[in-house]
>>> print(open('my_file19.txt').read())   # compact mmCIF, C-alpha atoms
# COMPACT_ATOMS: atom_id res chain seq x y z
CA MET O 1 22.35 44.22 -64.08
CA THR O 2 21.78 41.01 -66.01
CA ILE O 3 24.54 39.23 -67.89
CA GLU O 4 22.85 40.29 -71.15
CA GLN O 5 22.88 43.96 -70.07
CA THR O 6 26.51 43.70 -69.00
CA LEU O 7 27.33 42.27 -72.42
CA LYS O 8 25.89 45.34 -74.14
CA THR O 9 27.81 47.78 -71.95
CA ALA O 10 31.13 45.93 -71.55
CA PRO O 11 34.02 47.87 -73.15
CA LEU O 12 36.30 46.13 -75.60
CA PRO O 13 39.50 45.54 -73.58
CA THR O 14 43.05 45.71 -74.83
CA PRO O 15 44.52 42.17 -74.93
CA LYS O 16 47.49 41.84 -72.55
CA GLN O 17 46.83 38.40 -71.07
CA LYS O 18 49.87 36.11 -70.89
CA THR O 19 49.07 32.84 -72.62
CA TYR O 20 50.87 29.67 -73.60
CA PRO O 21 51.33 28.53 -77.21
CA ILE O 22 50.35 24.91 -77.71
CA LYS O 23 51.49 22.77 -80.59
CA ASN O 24 51.91 19.35 -78.96
CA ALA O 25 51.17 17.39 -75.79
CA GLY O 26 54.54 18.31 -74.31
CA GLU O 27 53.40 21.94 -74.01
CA LEU O 28 50.57 21.09 -71.63
CA ASP O 29 52.78 21.41 -68.54
CA PRO O 30 51.13 24.66 -67.32
CA LEU O 31 47.75 22.92 -67.38
CA LEU O 32 49.08 19.89 -65.51
CA GLU O 33 50.56 22.25 -62.93
CA ARG O 34 47.21 24.06 -62.59
CA ILE O 35 45.41 20.72 -62.12
CA GLY O 36 47.78 19.77 -59.34
CA ASN O 37 46.10 17.28 -57.00
CA ALA O 38 42.53 17.94 -58.19
CA ARG O 39 40.38 14.82 -58.33
CA CYS O 40 38.04 15.83 -61.16
CA VAL O 41 39.09 17.36 -64.48
CA MET O 42 36.30 18.23 -66.91
CA LEU O 43 37.33 18.67 -70.55
CA GLY O 44 34.86 20.49 -72.78
CA GLU O 45 34.33 21.05 -76.48
CA ALA O 46 32.67 23.84 -78.43
CA THR O 47 31.11 21.35 -80.88
CA HIS O 48 30.29 17.66 -80.89
CA GLY O 49 32.07 17.07 -84.18
CA THR O 50 35.56 18.60 -84.16
CA HIS O 51 38.70 16.51 -84.60
CA GLU O 52 41.02 18.75 -82.58
CA TYR O 53 38.78 18.84 -79.50
CA TYR O 54 38.88 15.05 -79.33
CA THR O 55 42.62 14.76 -79.93
CA TRP O 56 43.59 17.47 -77.43
CA ARG O 57 41.28 15.91 -74.83
CA MET O 58 42.96 12.59 -75.54
CA ALA O 59 46.40 14.15 -75.10
CA ILE O 60 45.39 15.71 -71.77
CA SER O 61 43.73 12.49 -70.61
CA LYS O 62 46.81 10.39 -71.40
CA ARG O 63 49.01 12.66 -69.30
CA LEU O 64 46.52 12.70 -66.42
CA ILE O 65 46.37 8.91 -66.43
CA GLU O 66 50.10 8.33 -66.78
CA GLU O 67 51.39 11.14 -64.56
CA LYS O 68 48.64 11.70 -62.00
CA GLY O 69 46.93 8.31 -61.71
CA PHE O 70 43.45 9.19 -62.91
CA ASN O 71 41.11 6.18 -62.71
CA PHE O 72 38.55 6.61 -65.47
CA ILE O 73 37.11 8.73 -68.28
CA ALA O 74 33.36 9.49 -68.13
CA VAL O 75 31.73 10.91 -71.25
CA GLU O 76 28.52 12.47 -72.50
CA GLY O 77 27.37 9.10 -73.85
CA ASP O 78 24.97 6.26 -73.07
CA TRP O 79 25.92 3.94 -70.23
CA PRO O 80 25.23 0.55 -71.91
CA ASP O 81 27.29 1.32 -75.03
CA CYS O 82 30.16 2.85 -73.06
CA TYR O 83 30.10 0.08 -70.46
CA ARG O 84 30.73 -2.45 -73.20
CA LEU O 85 33.79 -0.42 -74.22
CA ASN O 86 34.85 -0.31 -70.57
CA ARG O 87 34.78 -4.10 -70.35
CA TYR O 88 36.69 -4.34 -73.63
CA ILE O 89 39.57 -2.06 -72.63
CA LYS O 90 39.83 -3.84 -69.27
CA GLY O 91 40.05 -7.25 -70.93
CA TYR O 92 36.76 -8.59 -69.55
CA ALA O 93 34.79 -9.14 -72.77
CA ASP O 94 34.81 -8.95 -76.59
CA GLN O 95 38.52 -9.72 -76.77
CA ASP O 96 38.00 -11.36 -80.17
CA LYS O 97 36.90 -8.00 -81.63
CA LYS O 98 38.55 -4.77 -82.68
CA SER O 99 37.53 -1.58 -80.95
CA HIS O 100 36.14 -0.05 -84.15
CA GLU O 101 33.80 -3.05 -84.47
CA LEU O 102 32.32 -2.25 -81.06
CA LEU O 103 32.04 1.44 -81.95
CA ARG O 104 30.02 0.58 -85.05
CA ASP O 105 27.36 -0.78 -82.67
CA PHE O 106 26.58 2.78 -81.55
CA ARG O 107 23.23 3.31 -83.27
CA ARG O 108 21.59 6.15 -81.38
CA TRP O 109 21.74 9.44 -83.31
CA PRO O 110 24.13 11.29 -83.23
CA THR O 111 26.30 8.21 -83.75
CA TRP O 112 29.40 10.21 -84.70
CA MET O 113 29.94 11.55 -81.18
CA TRP O 114 31.53 8.27 -80.06
CA ALA O 115 31.64 6.09 -83.19
CA ASN O 116 34.65 7.82 -84.68
CA TRP O 117 38.30 7.06 -85.34
CA GLU O 118 39.46 9.56 -82.71
CA VAL O 119 37.70 7.58 -79.96
CA ASP O 120 38.96 4.36 -81.51
CA ALA O 121 42.54 5.62 -81.05
CA LEU O 122 41.81 6.46 -77.41
CA LEU O 123 40.32 3.02 -76.75
CA ASN O 124 43.31 1.24 -78.23
CA TRP O 125 45.65 3.32 -76.09
CA LEU O 126 43.60 2.57 -72.97
CA LYS O 127 43.55 -1.14 -73.73
CA LEU O 128 47.32 -1.17 -74.16
CA PHE O 129 47.77 0.87 -70.96
CA ASN O 130 45.59 -1.59 -69.00
CA ASN O 131 47.31 -4.69 -70.33
CA GLY O 132 48.91 -6.69 -67.53
CA LYS O 133 47.67 -4.44 -64.72
CA PRO O 134 45.65 -5.76 -61.76
CA ALA O 135 41.89 -5.35 -62.19
CA ASN O 136 41.66 -2.57 -59.61
CA ASN O 137 44.34 -0.53 -61.43
CA ARG O 138 42.79 -0.62 -64.89
CA VAL O 139 41.48 2.66 -66.27
CA GLY O 140 37.77 2.67 -67.14
CA PHE O 141 35.51 4.30 -69.72
CA TYR O 142 31.89 5.08 -68.79
CA GLY O 143 28.84 6.93 -70.12
CA LEU O 144 27.11 9.57 -67.99
CA ASP O 145 23.96 10.24 -69.99
CA VAL O 146 20.32 9.51 -69.21
CA TYR O 147 18.81 8.65 -72.61
CA SER O 148 19.23 4.84 -72.72
CA LEU O 149 15.99 3.79 -71.02
CA TRP O 150 15.19 0.81 -73.24
CA GLU O 151 18.79 -0.32 -73.65
CA SER O 152 19.29 -0.22 -69.89
CA MET O 153 16.09 -2.18 -69.30
CA ASP O 154 17.20 -4.85 -71.78
CA ALA O 155 20.59 -5.07 -70.09
CA LEU O 156 18.92 -5.48 -66.71
CA VAL O 157 16.66 -8.31 -67.85
CA GLY O 158 19.55 -10.12 -69.52
CA TYR O 159 21.68 -10.01 -66.37
CA LEU O 160 18.96 -10.52 -63.75
CA GLN O 161 17.37 -13.56 -65.38
CA THR O 162 20.47 -15.52 -64.42
CA ASN O 163 21.48 -13.76 -61.21
CA ASP O 164 18.28 -12.55 -59.52
CA PRO O 165 14.96 -14.00 -60.81
CA LYS O 166 12.85 -11.87 -58.43
CA ALA O 167 14.39 -8.64 -59.66
CA ALA O 168 14.20 -9.95 -63.23
CA GLU O 169 10.44 -10.25 -62.88
CA LEU O 170 10.22 -6.61 -61.76
CA ALA O 171 12.32 -5.62 -64.78
CA LYS O 172 9.98 -7.53 -67.08
CA GLN O 173 6.98 -5.78 -65.53
CA ALA O 174 8.60 -2.43 -66.24
CA ILE O 175 9.36 -3.42 -69.83
CA ARG O 176 5.76 -4.57 -70.35
CA CYS O 177 4.59 -1.16 -69.12
CA PHE O 178 6.80 0.59 -71.71
CA GLU O 179 5.98 -1.79 -74.59
CA PRO O 180 3.04 0.25 -76.00
CA TYR O 181 5.42 3.13 -76.71
CA GLU O 182 7.60 1.03 -79.09
CA GLU O 183 10.91 2.33 -77.70
CA ASP O 184 9.96 5.84 -78.78
CA PRO O 185 10.60 8.37 -75.99
CA HIS O 186 8.47 10.99 -77.73
CA LYS O 187 5.45 8.66 -77.66
CA TYR O 188 5.96 8.15 -73.95
CA ALA O 189 6.42 11.90 -73.42
CA ARG O 190 3.16 12.66 -75.26
CA SER O 191 1.32 10.05 -73.19
CA GLN O 192 2.47 11.72 -69.96
CA TYR O 193 1.47 15.14 -71.25
CA SER O 194 -2.03 13.83 -71.91
CA LEU O 195 -2.10 12.27 -68.41
CA GLU O 196 -2.14 8.66 -69.55
CA SER O 197 -0.83 5.92 -67.22
CA SER O 198 2.78 6.26 -66.07
CA CYS O 199 5.46 3.58 -65.72
CA ARG O 200 7.24 5.43 -62.93
CA GLN O 201 6.23 3.13 -60.09
CA GLU O 202 7.47 0.09 -61.98
CA VAL O 203 10.98 1.47 -62.39
CA ILE O 204 11.08 2.78 -58.81
CA ASN O 205 10.15 -0.69 -57.53
CA LEU O 206 12.88 -2.20 -59.68
CA LEU O 207 15.54 0.23 -58.42
CA ALA O 208 14.54 -0.41 -54.78
CA GLU O 209 14.89 -4.17 -55.22
CA ILE O 210 18.27 -3.87 -56.97
CA ARG O 211 19.69 -1.50 -54.36
CA LYS O 212 18.63 -3.93 -51.65
CA LYS O 213 20.30 -6.86 -53.42
CA SER O 214 23.30 -5.16 -55.08
CA PRO O 215 25.89 -6.70 -52.72
CA VAL O 216 25.12 -10.15 -54.16
CA TYR O 217 25.71 -9.16 -57.80
CA ASP O 218 29.31 -10.32 -57.90
CA SER O 219 29.37 -12.73 -60.82
CA ASP O 220 31.90 -10.59 -62.70
CA PRO O 221 33.87 -7.37 -62.14
CA GLU O 222 31.69 -4.26 -61.79
CA ALA O 223 28.44 -6.23 -62.10
CA ALA O 224 26.84 -4.52 -59.10
CA LEU O 225 27.82 -1.08 -60.39
CA ASN O 226 26.44 -1.81 -63.85
CA THR O 227 23.18 -3.27 -62.56
CA GLU O 228 22.44 -0.42 -60.17
CA GLN O 229 23.40 2.21 -62.75
CA ASN O 230 21.03 0.77 -65.35
CA ALA O 231 18.24 0.83 -62.74
CA HIS O 232 19.00 4.49 -61.94
CA ILE O 233 18.86 5.26 -65.67
CA ALA O 234 15.44 3.62 -65.90
CA VAL O 235 14.11 5.84 -63.10
CA ASN O 236 15.75 9.07 -64.26
CA ALA O 237 15.06 8.52 -67.95
CA GLU O 238 11.38 7.90 -67.18
CA GLU O 239 11.27 11.21 -65.32
CA TYR O 240 13.19 12.96 -68.11
CA TYR O 241 10.85 11.70 -70.83
CA SER O 242 7.79 12.42 -68.68
CA ASN O 243 8.81 16.07 -68.59
CA MET O 244 9.80 16.48 -72.24
CA MET O 245 6.46 18.05 -73.15
CA SER O 246 6.15 20.17 -70.02
CA PHE O 247 6.65 23.92 -70.00
CA ASN O 248 7.31 23.97 -66.25
CA ASP O 249 10.00 21.36 -65.65
CA ASN O 250 13.56 21.77 -66.81
CA THR O 251 14.76 18.61 -68.54
CA TRP O 252 18.21 20.19 -68.86
CA ASN O 253 18.54 20.21 -65.06
CA LEU O 254 17.21 16.66 -64.80
CA ARG O 255 19.80 15.45 -67.31
CA ASP O 256 22.77 17.24 -65.74
CA THR O 257 21.72 16.15 -62.26
CA HIS O 258 21.68 12.55 -63.51
CA MET O 259 25.14 12.95 -65.04
CA MET O 260 26.55 14.40 -61.82
CA GLU O 261 24.94 11.65 -59.72
CA THR O 262 26.47 9.07 -62.07
CA LEU O 263 29.88 10.71 -61.72
CA GLN O 264 29.56 10.65 -57.93
CA ARG O 265 28.57 6.97 -58.07
CA LEU O 266 31.63 6.18 -60.19
CA MET O 267 33.97 8.05 -57.86
CA GLN O 268 32.51 6.26 -54.86
CA PHE O 269 32.95 2.92 -56.63
CA HIS O 270 36.63 3.67 -57.35
CA GLY O 271 37.40 4.58 -53.75
CA PRO O 272 38.13 7.64 -51.59
CA ASP O 273 41.14 8.67 -53.69
CA ALA O 274 39.40 8.26 -57.06
CA LYS O 275 40.26 10.70 -59.84
CA ALA O 276 37.87 11.33 -62.75
CA ILE O 277 38.24 12.79 -66.25
CA VAL O 278 34.98 14.01 -67.81
CA TRP O 279 34.40 14.67 -71.53
CA GLU O 280 31.31 16.80 -72.22
CA HIS O 281 30.30 19.85 -74.23
CA ASN O 282 31.31 23.27 -72.90
CA THR O 283 27.66 23.95 -72.10
CA HIS O 284 27.79 21.09 -69.57
CA ILE O 285 31.25 21.49 -68.05
CA GLY O 286 31.56 25.30 -68.04
CA ASP O 287 30.08 26.63 -64.78
CA ALA O 288 26.54 27.78 -65.65
CA ARG O 289 26.62 30.54 -63.03
CA TYR O 290 28.91 32.55 -65.30
CA THR O 291 26.64 32.43 -68.36
CA ASP O 292 23.08 33.51 -69.10
CA MET O 293 21.93 29.98 -68.14
CA GLN O 294 21.57 31.02 -64.51
CA HIS O 295 18.90 33.58 -65.42
CA HIS O 296 16.81 30.75 -66.85
CA GLY O 297 17.11 28.64 -63.69
CA MET O 298 19.56 26.23 -65.32
CA TYR O 299 22.65 24.59 -63.86
CA ASN O 300 25.10 22.02 -65.21
CA THR O 301 27.67 19.41 -64.25
CA GLY O 302 30.52 21.92 -64.04
CA GLN O 303 28.64 24.01 -61.49
CA LEU O 304 27.50 20.92 -59.57
CA ALA O 305 31.03 19.51 -59.50
CA ARG O 306 32.43 22.71 -58.03
CA GLU O 307 29.65 22.79 -55.45
CA GLN O 308 29.74 19.10 -54.49
CA LEU O 309 33.39 18.14 -54.94
CA GLY O 310 34.86 21.52 -54.04
CA GLU O 311 36.68 24.04 -56.19
CA LYS O 312 40.13 22.75 -55.20
CA ASP O 313 39.21 19.29 -56.48
CA THR O 314 37.53 20.47 -59.69
CA VAL O 315 39.23 21.87 -62.80
CA LEU O 316 37.09 22.95 -65.75
CA VAL O 317 38.78 23.22 -69.16
CA GLY O 318 36.91 24.88 -72.03
CA PHE O 319 37.68 24.75 -75.76
CA GLY O 320 37.03 27.05 -78.70
CA SER O 321 38.11 27.85 -82.26
CA TYR O 322 37.88 30.65 -84.80
CA LEU O 323 36.85 28.75 -87.96
CA GLY O 324 37.01 25.36 -89.64
CA THR O 325 34.75 22.42 -90.40
CA VAL O 326 32.54 20.23 -88.23
CA ILE O 327 30.38 17.09 -88.35
CA ALA O 328 26.72 17.85 -87.60
CA GLY O 329 23.16 17.36 -88.87
CA LYS O 330 20.82 20.04 -90.22
CA GLU O 331 18.01 18.75 -88.03
CA TRP O 332 17.54 16.08 -85.39
CA GLY O 333 18.01 12.64 -86.97
CA ALA O 334 19.30 14.06 -90.27
CA PRO O 335 22.28 12.47 -92.03
CA MET O 336 25.60 13.63 -90.67
CA GLU O 337 27.67 15.82 -92.94
CA VAL O 338 30.80 17.94 -92.96
CA MET O 339 29.79 21.58 -92.55
CA PRO O 340 31.80 24.81 -92.59
CA VAL O 341 32.22 26.68 -89.32
CA PRO O 342 32.40 30.36 -90.37
CA ALA O 343 34.81 32.84 -88.88
CA ALA O 344 33.66 33.76 -85.37
CA ARG O 345 31.59 36.91 -85.15
CA GLY O 346 33.16 40.18 -84.12
CA GLY O 347 33.44 40.86 -80.39
CA SER O 348 33.40 37.18 -79.44
CA VAL O 349 35.95 35.26 -77.38
CA GLU O 350 37.03 33.40 -80.49
CA GLU O 351 37.42 36.52 -82.64
CA LEU O 352 39.46 38.24 -79.96
CA MET O 353 41.78 35.25 -79.62
CA HIS O 354 42.22 35.02 -83.39
CA ARG O 355 42.88 38.74 -83.71
CA THR O 356 45.38 38.76 -80.85
CA TYR O 357 47.42 35.60 -81.23
CA ALA O 358 49.00 33.80 -84.17
CA GLY O 359 48.02 30.17 -83.70
CA ASN O 360 46.76 27.97 -80.88
CA ARG O 361 46.83 29.24 -77.31
CA MET O 362 46.14 28.00 -73.81
CA LEU O 363 44.90 30.31 -71.05
CA ILE O 364 45.18 29.47 -67.36
CA PHE O 365 42.89 31.55 -65.14
CA ASP O 366 43.44 32.68 -61.56
CA ARG O 367 39.95 33.16 -60.19
CA LYS O 368 41.25 34.76 -56.98
CA HIS O 369 43.03 37.45 -58.99
CA PRO O 370 41.06 37.68 -62.26
CA GLN O 371 42.28 39.64 -65.24
CA LYS O 372 39.80 42.42 -66.04
CA ARG O 373 39.37 41.25 -69.62
CA TRP O 374 38.28 37.74 -68.66
CA ASN O 375 36.06 39.05 -65.87
CA GLU O 376 33.89 40.76 -68.51
CA VAL O 377 31.04 39.17 -70.45
CA TRP O 378 31.83 37.92 -73.97
CA PRO O 379 29.87 35.95 -76.57
CA HIS O 380 31.35 32.42 -76.65
CA ARG O 381 30.48 30.06 -79.53
CA ALA O 382 28.62 26.79 -78.85
CA VAL O 383 27.66 24.39 -81.67
CA GLY O 384 25.46 21.37 -81.04
CA VAL O 385 24.71 18.21 -83.01
CA VAL O 386 22.09 20.19 -84.97
CA TYR O 387 23.75 23.05 -86.81
CA ASN O 388 23.20 25.40 -89.71
CA PRO O 389 26.15 27.66 -90.58
CA LEU O 390 23.75 30.15 -92.17
CA HIS O 391 22.34 30.91 -88.72
CA GLU O 392 25.77 31.57 -87.23
CA LYS O 393 25.28 35.32 -86.84
CA HIS O 394 21.93 34.94 -85.09
CA GLY O 395 22.70 32.24 -82.54
CA ASN O 396 25.27 29.72 -81.32
CA TYR O 397 26.82 32.15 -78.84
CA VAL O 398 26.55 32.01 -75.05
CA PRO O 399 27.21 35.19 -73.00
CA THR O 400 30.14 34.11 -70.81
CA ILE O 401 32.51 35.37 -68.12
CA LEU O 402 35.33 33.22 -69.43
CA GLY O 403 37.76 33.46 -66.50
CA SER O 404 35.12 32.26 -64.03
CA ARG O 405 33.26 29.80 -66.22
CA TYR O 406 36.50 27.82 -66.76
CA ASP O 407 39.79 27.30 -64.95
CA ALA O 408 41.60 26.97 -68.28
CA PHE O 409 40.78 27.49 -71.94
CA LEU O 410 42.31 25.93 -75.08
CA PHE O 411 41.90 27.93 -78.27
CA ILE O 412 42.51 26.17 -81.60
CA ASP O 413 42.58 28.80 -84.32
CA GLU O 414 41.44 26.56 -87.19
CA THR O 415 39.80 23.18 -86.70
CA THR O 416 38.67 20.26 -88.86
CA ALA O 417 35.80 17.80 -88.77
CA LEU O 418 36.31 14.52 -86.91
CA HIS O 419 36.26 11.12 -88.67
CA PRO O 420 32.98 9.21 -88.09
CA LEU O 421 32.87 5.45 -88.62
CA HIS O 422 29.37 5.49 -90.08
CA ILE O 423 29.80 8.28 -92.60
CA GLN O 424 29.77 7.53 -96.32
CA PRO O 425 31.70 7.00 -98.48
CA ASP O 426 34.93 6.74 -96.48
CA GLY O 427 33.87 6.02 -92.90
CA HIS O 428 35.38 2.56 -93.12
CA LEU O 429 38.83 3.88 -94.03
CA VAL O 430 41.44 4.47 -91.35
CA PRO O 431 42.53 8.14 -91.56
CA GLU O 432 46.08 8.71 -92.76
CA THR O 433 47.10 10.44 -89.50
CA TYR O 434 45.63 7.75 -87.20
CA PRO O 435 46.26 7.40 -84.21
CA PHE O 436 46.58 11.21 -84.23
CA ASN O 437 49.63 11.50 -81.95
CA PHE O 438 51.25 14.91 -81.71
>>> encode(input="my_file19.txt", output="structure tokens")
Amino acid sequence: MTIEQTLKTAPLPTPKQKTYPIKNAGELDPLLERIGNARCVMLGEATHGTHEYYTWRMAISKRLIEEKGFNFIAVEGDWPDCYRLNRYIKGYADQDKKSHELLRDFRRWPTWMWANWEVDALLNWLKLFNNGKPANNRVGFYGLDVYSLWESMDALVGYLQTNDPKAAELAKQAIRCFEPYEEDPHKYARSQYSLESSCRQEVINLLAEIRKKSPVYDSDPEAALNTEQNAHIAVNAEEYYSNMMSFNDNTWNLRDTHMMETLQRLMQFHGPDAKAIVWEHNTHIGDARYTDMQHHGMYNTGQLAREQLGEKDTVLVGFGSYLGTVIAGKEWGAPMEVMPVPAARGGSVEELMHRTYAGNRMLIFDRKHPQKRWNEVWPHRAVGVVYNPLHEKHGNYVPTILGSRYDAFLFIDETTALHPLHIQPDGHLVPETYPFNF
């Protein structure tokens, strides 16, 4: 029986699950106990534009860093932009700037995912936490995503021209190959679909040279890591964009494989006892084997982390809400706007939680002894950067076995839109509740 068929036949259970009310960071103790000595904690979100998902992830991350010694936060963002933030919070660069000034440099749509006041508050906390600590004890902030082909190439040329002229020439050759496409991934994708010349060999040659020489890139902290990562992005982004127009290759799997490989590279860089916090959408961190994704041949970072790092070392935390507001765009590249998130549809995870509990709740799952209710299939809301509330009843729900997809779940009954830096007319104003402590 498929997960879709199970969904149609699953009976509506009577809610008896013991849960934990959550109003502030001090009530996260059951989650910290569940995490225990795990080395990788993945924190999800049901949308890319909800204030409470960011602030609760920040609260969890602070406690993991302070109480359990986690080494870095890795997010669903571009490496070059996030690496600049990493150097800032560690005191290596841009010390004459404010964090919100660096965040305003995020220009790739959807800018609001990281250029927002919630992330600004996190960065300022991280910078203060790192102050005065030895370099190897400072907490980092990195991007896992694959999209930054041109930005990574530019970063490589800028660094290699001074530190490795031979590799710099290979980087320039790769850039010259991509020049006809005017930094437009869709132009490159269309060229590959029509079997025009590829730039793949150029980026592979560049990566091979950099991997051979990476031990000598020691002009500043993390230079070798940054250089090799940008070269990996060039290779993987080229493959990703080459397959954008294909009906046979799964770009989703390519992207999540890249993000997992990047996470593994970061953990290796930080040593055998490294501990990682990951911020991504639920669709990336919630184990794909317990959704309908598996029937489409798709996997994600949550599944890969459990398989590669081990289930004892991996804790997946999902998020959801019943209603509220969100930042999103009506189509790709459209202006961001505050949109309503309607009440969750009947029979969904979110509707059940709202109907059963008064207020916010946290569920901790025991996968060895699952509760029957959370071992059934339920529709679970997922909102992306492109959203139309009018289509809520016809989409935006993923069939999910909640107690297996996640190790814990935070339900926020009513949520609000986050605070983007680029939004008009008040994106430049610091929100009254900043820095959002609770």
>>> residues_around(input="my_file19.txt", residues="segment 363-372 of chain O", least_positions_apart="4", cutoff="12 Å", atoms="only C-alpha atoms", output="PDB file with C-alpha atoms, in the coordinates of the input")
ATOM      1  CA  ALA O  10      31.130  45.930 -71.550  1.00  0.00           C
ATOM      2  CA  PRO O  11      34.020  47.870 -73.150  1.00  0.00           C
ATOM      3  CA  LEU O  12      36.300  46.130 -75.600  1.00  0.00           C
ATOM      4  CA  PRO O  13      39.500  45.540 -73.580  1.00  0.00           C
ATOM      5  CA  THR O  14      43.050  45.710 -74.830  1.00  0.00           C
ATOM      6  CA  PRO O  15      44.520  42.170 -74.930  1.00  0.00           C
ATOM      7  CA  LYS O  16      47.490  41.840 -72.550  1.00  0.00           C
ATOM      8  CA  GLN O  17      46.830  38.400 -71.070  1.00  0.00           C
ATOM      9  CA  LYS O  18      49.870  36.110 -70.890  1.00  0.00           C
ATOM     10  CA  THR O  19      49.070  32.840 -72.620  1.00  0.00           C
ATOM     11  CA  TYR O  20      50.870  29.670 -73.600  1.00  0.00           C
ATOM     12  CA  PRO O  21      51.330  28.530 -77.210  1.00  0.00           C
ATOM     13  CA  ILE O  22      50.350  24.910 -77.710  1.00  0.00           C
ATOM     14  CA  LEU O  28      50.570  21.090 -71.630  1.00  0.00           C
ATOM     15  CA  ASP O  29      52.780  21.410 -68.540  1.00  0.00           C
ATOM     16  CA  PRO O  30      51.130  24.660 -67.320  1.00  0.00           C
ATOM     17  CA  LEU O  31      47.750  22.920 -67.380  1.00  0.00           C
ATOM     18  CA  LEU O  32      49.080  19.890 -65.510  1.00  0.00           C
ATOM     19  CA  GLU O  33      50.560  22.250 -62.930  1.00  0.00           C
ATOM     20  CA  ARG O  34      47.210  24.060 -62.590  1.00  0.00           C
ATOM     21  CA  ILE O  35      45.410  20.720 -62.120  1.00  0.00           C
ATOM     22  CA  GLU O 311      36.680  24.040 -56.190  1.00  0.00           C
ATOM     23  CA  LYS O 312      40.130  22.750 -55.200  1.00  0.00           C
ATOM     24  CA  VAL O 315      39.230  21.870 -62.800  1.00  0.00           C
ATOM     25  CA  LEU O 316      37.090  22.950 -65.750  1.00  0.00           C
ATOM     26  CA  VAL O 317      38.780  23.220 -69.160  1.00  0.00           C
ATOM     27  CA  GLY O 318      36.910  24.880 -72.030  1.00  0.00           C
ATOM     28  CA  PHE O 319      37.680  24.750 -75.760  1.00  0.00           C
ATOM     29  CA  GLY O 320      37.030  27.050 -78.700  1.00  0.00           C
ATOM     30  CA  MET O 353      41.780  35.250 -79.620  1.00  0.00           C
ATOM     31  CA  TYR O 357      47.420  35.600 -81.230  1.00  0.00           C
ATOM     32  CA  GLU O 376      33.890  40.760 -68.510  1.00  0.00           C
ATOM     33  CA  VAL O 377      31.040  39.170 -70.450  1.00  0.00           C
ATOM     34  CA  ILE O 401      32.510  35.370 -68.120  1.00  0.00           C
ATOM     35  CA  LEU O 402      35.330  33.220 -69.430  1.00  0.00           C
ATOM     36  CA  GLY O 403      37.760  33.460 -66.500  1.00  0.00           C
ATOM     37  CA  SER O 404      35.120  32.260 -64.030  1.00  0.00           C
ATOM     38  CA  ARG O 405      33.260  29.800 -66.220  1.00  0.00           C
ATOM     39  CA  TYR O 406      36.500  27.820 -66.760  1.00  0.00           C
ATOM     40  CA  ASP O 407      39.790  27.300 -64.950  1.00  0.00           C
ATOM     41  CA  ALA O 408      41.600  26.970 -68.280  1.00  0.00           C
ATOM     42  CA  PHE O 409      40.780  27.490 -71.940  1.00  0.00           C
ATOM     43  CA  LEU O 410      42.310  25.930 -75.080  1.00  0.00           C
ATOM     44  CA  PHE O 411      41.900  27.930 -78.270  1.00  0.00           C
ATOM     45  CA  ILE O 412      42.510  26.170 -81.600  1.00  0.00           C
TER      46      ILE O 412
END
>>> closest_residue(input="my_file19.txt", among="O:Ile277, O:His100, O:Ala237, O:Pro272", to="Arg63 of chain O", atoms="only C-alpha atoms")
O:Ile277
>>> residues_near_point(input="my_file19.txt", point="(2.6, 5.1, -67.0)", cutoff="10 Å", atoms="all atoms listed in the file", output="count of residues only")
16
>>> residues_around(input="my_file19.txt", residues="Asp220 of chain O", least_positions_apart="3", cutoff="12 Å", atoms="only C-alpha atoms", output="ChimeraX atom specification")
/O:87,92-93,135,159,163,216-217,223-227
>>> closest_residue(input="my_file19.txt", among="O:His380, O:Arg211, O:Arg265, O:Lys172", to="Thr47 of chain O", atoms="all atoms listed in the file")
O:His380
>>> closest_residue(input="my_file19.txt", among="O:Thr415, O:Ser348, O:Gln264, O:Asn24", to="Phe438 of chain O", atoms="only C-alpha atoms")
O:Asn24
>>> atom_distance(input="my_file19.txt", atom1="atom CA of Thr433 of chain O", atom2="atom CA of Asn116 of chain O")
13.6 Å
>>> atom_distance(input="my_file19.txt", atom1="atom CA of Glu331 of chain O", atom2="atom CA of Tyr387 of chain O")
7.3 Å
>>> atom_distance(input="my_file19.txt", atom1="atom CA of Val119 of chain O", atom2="atom CA of Ser99 of chain O")
9.2 Å
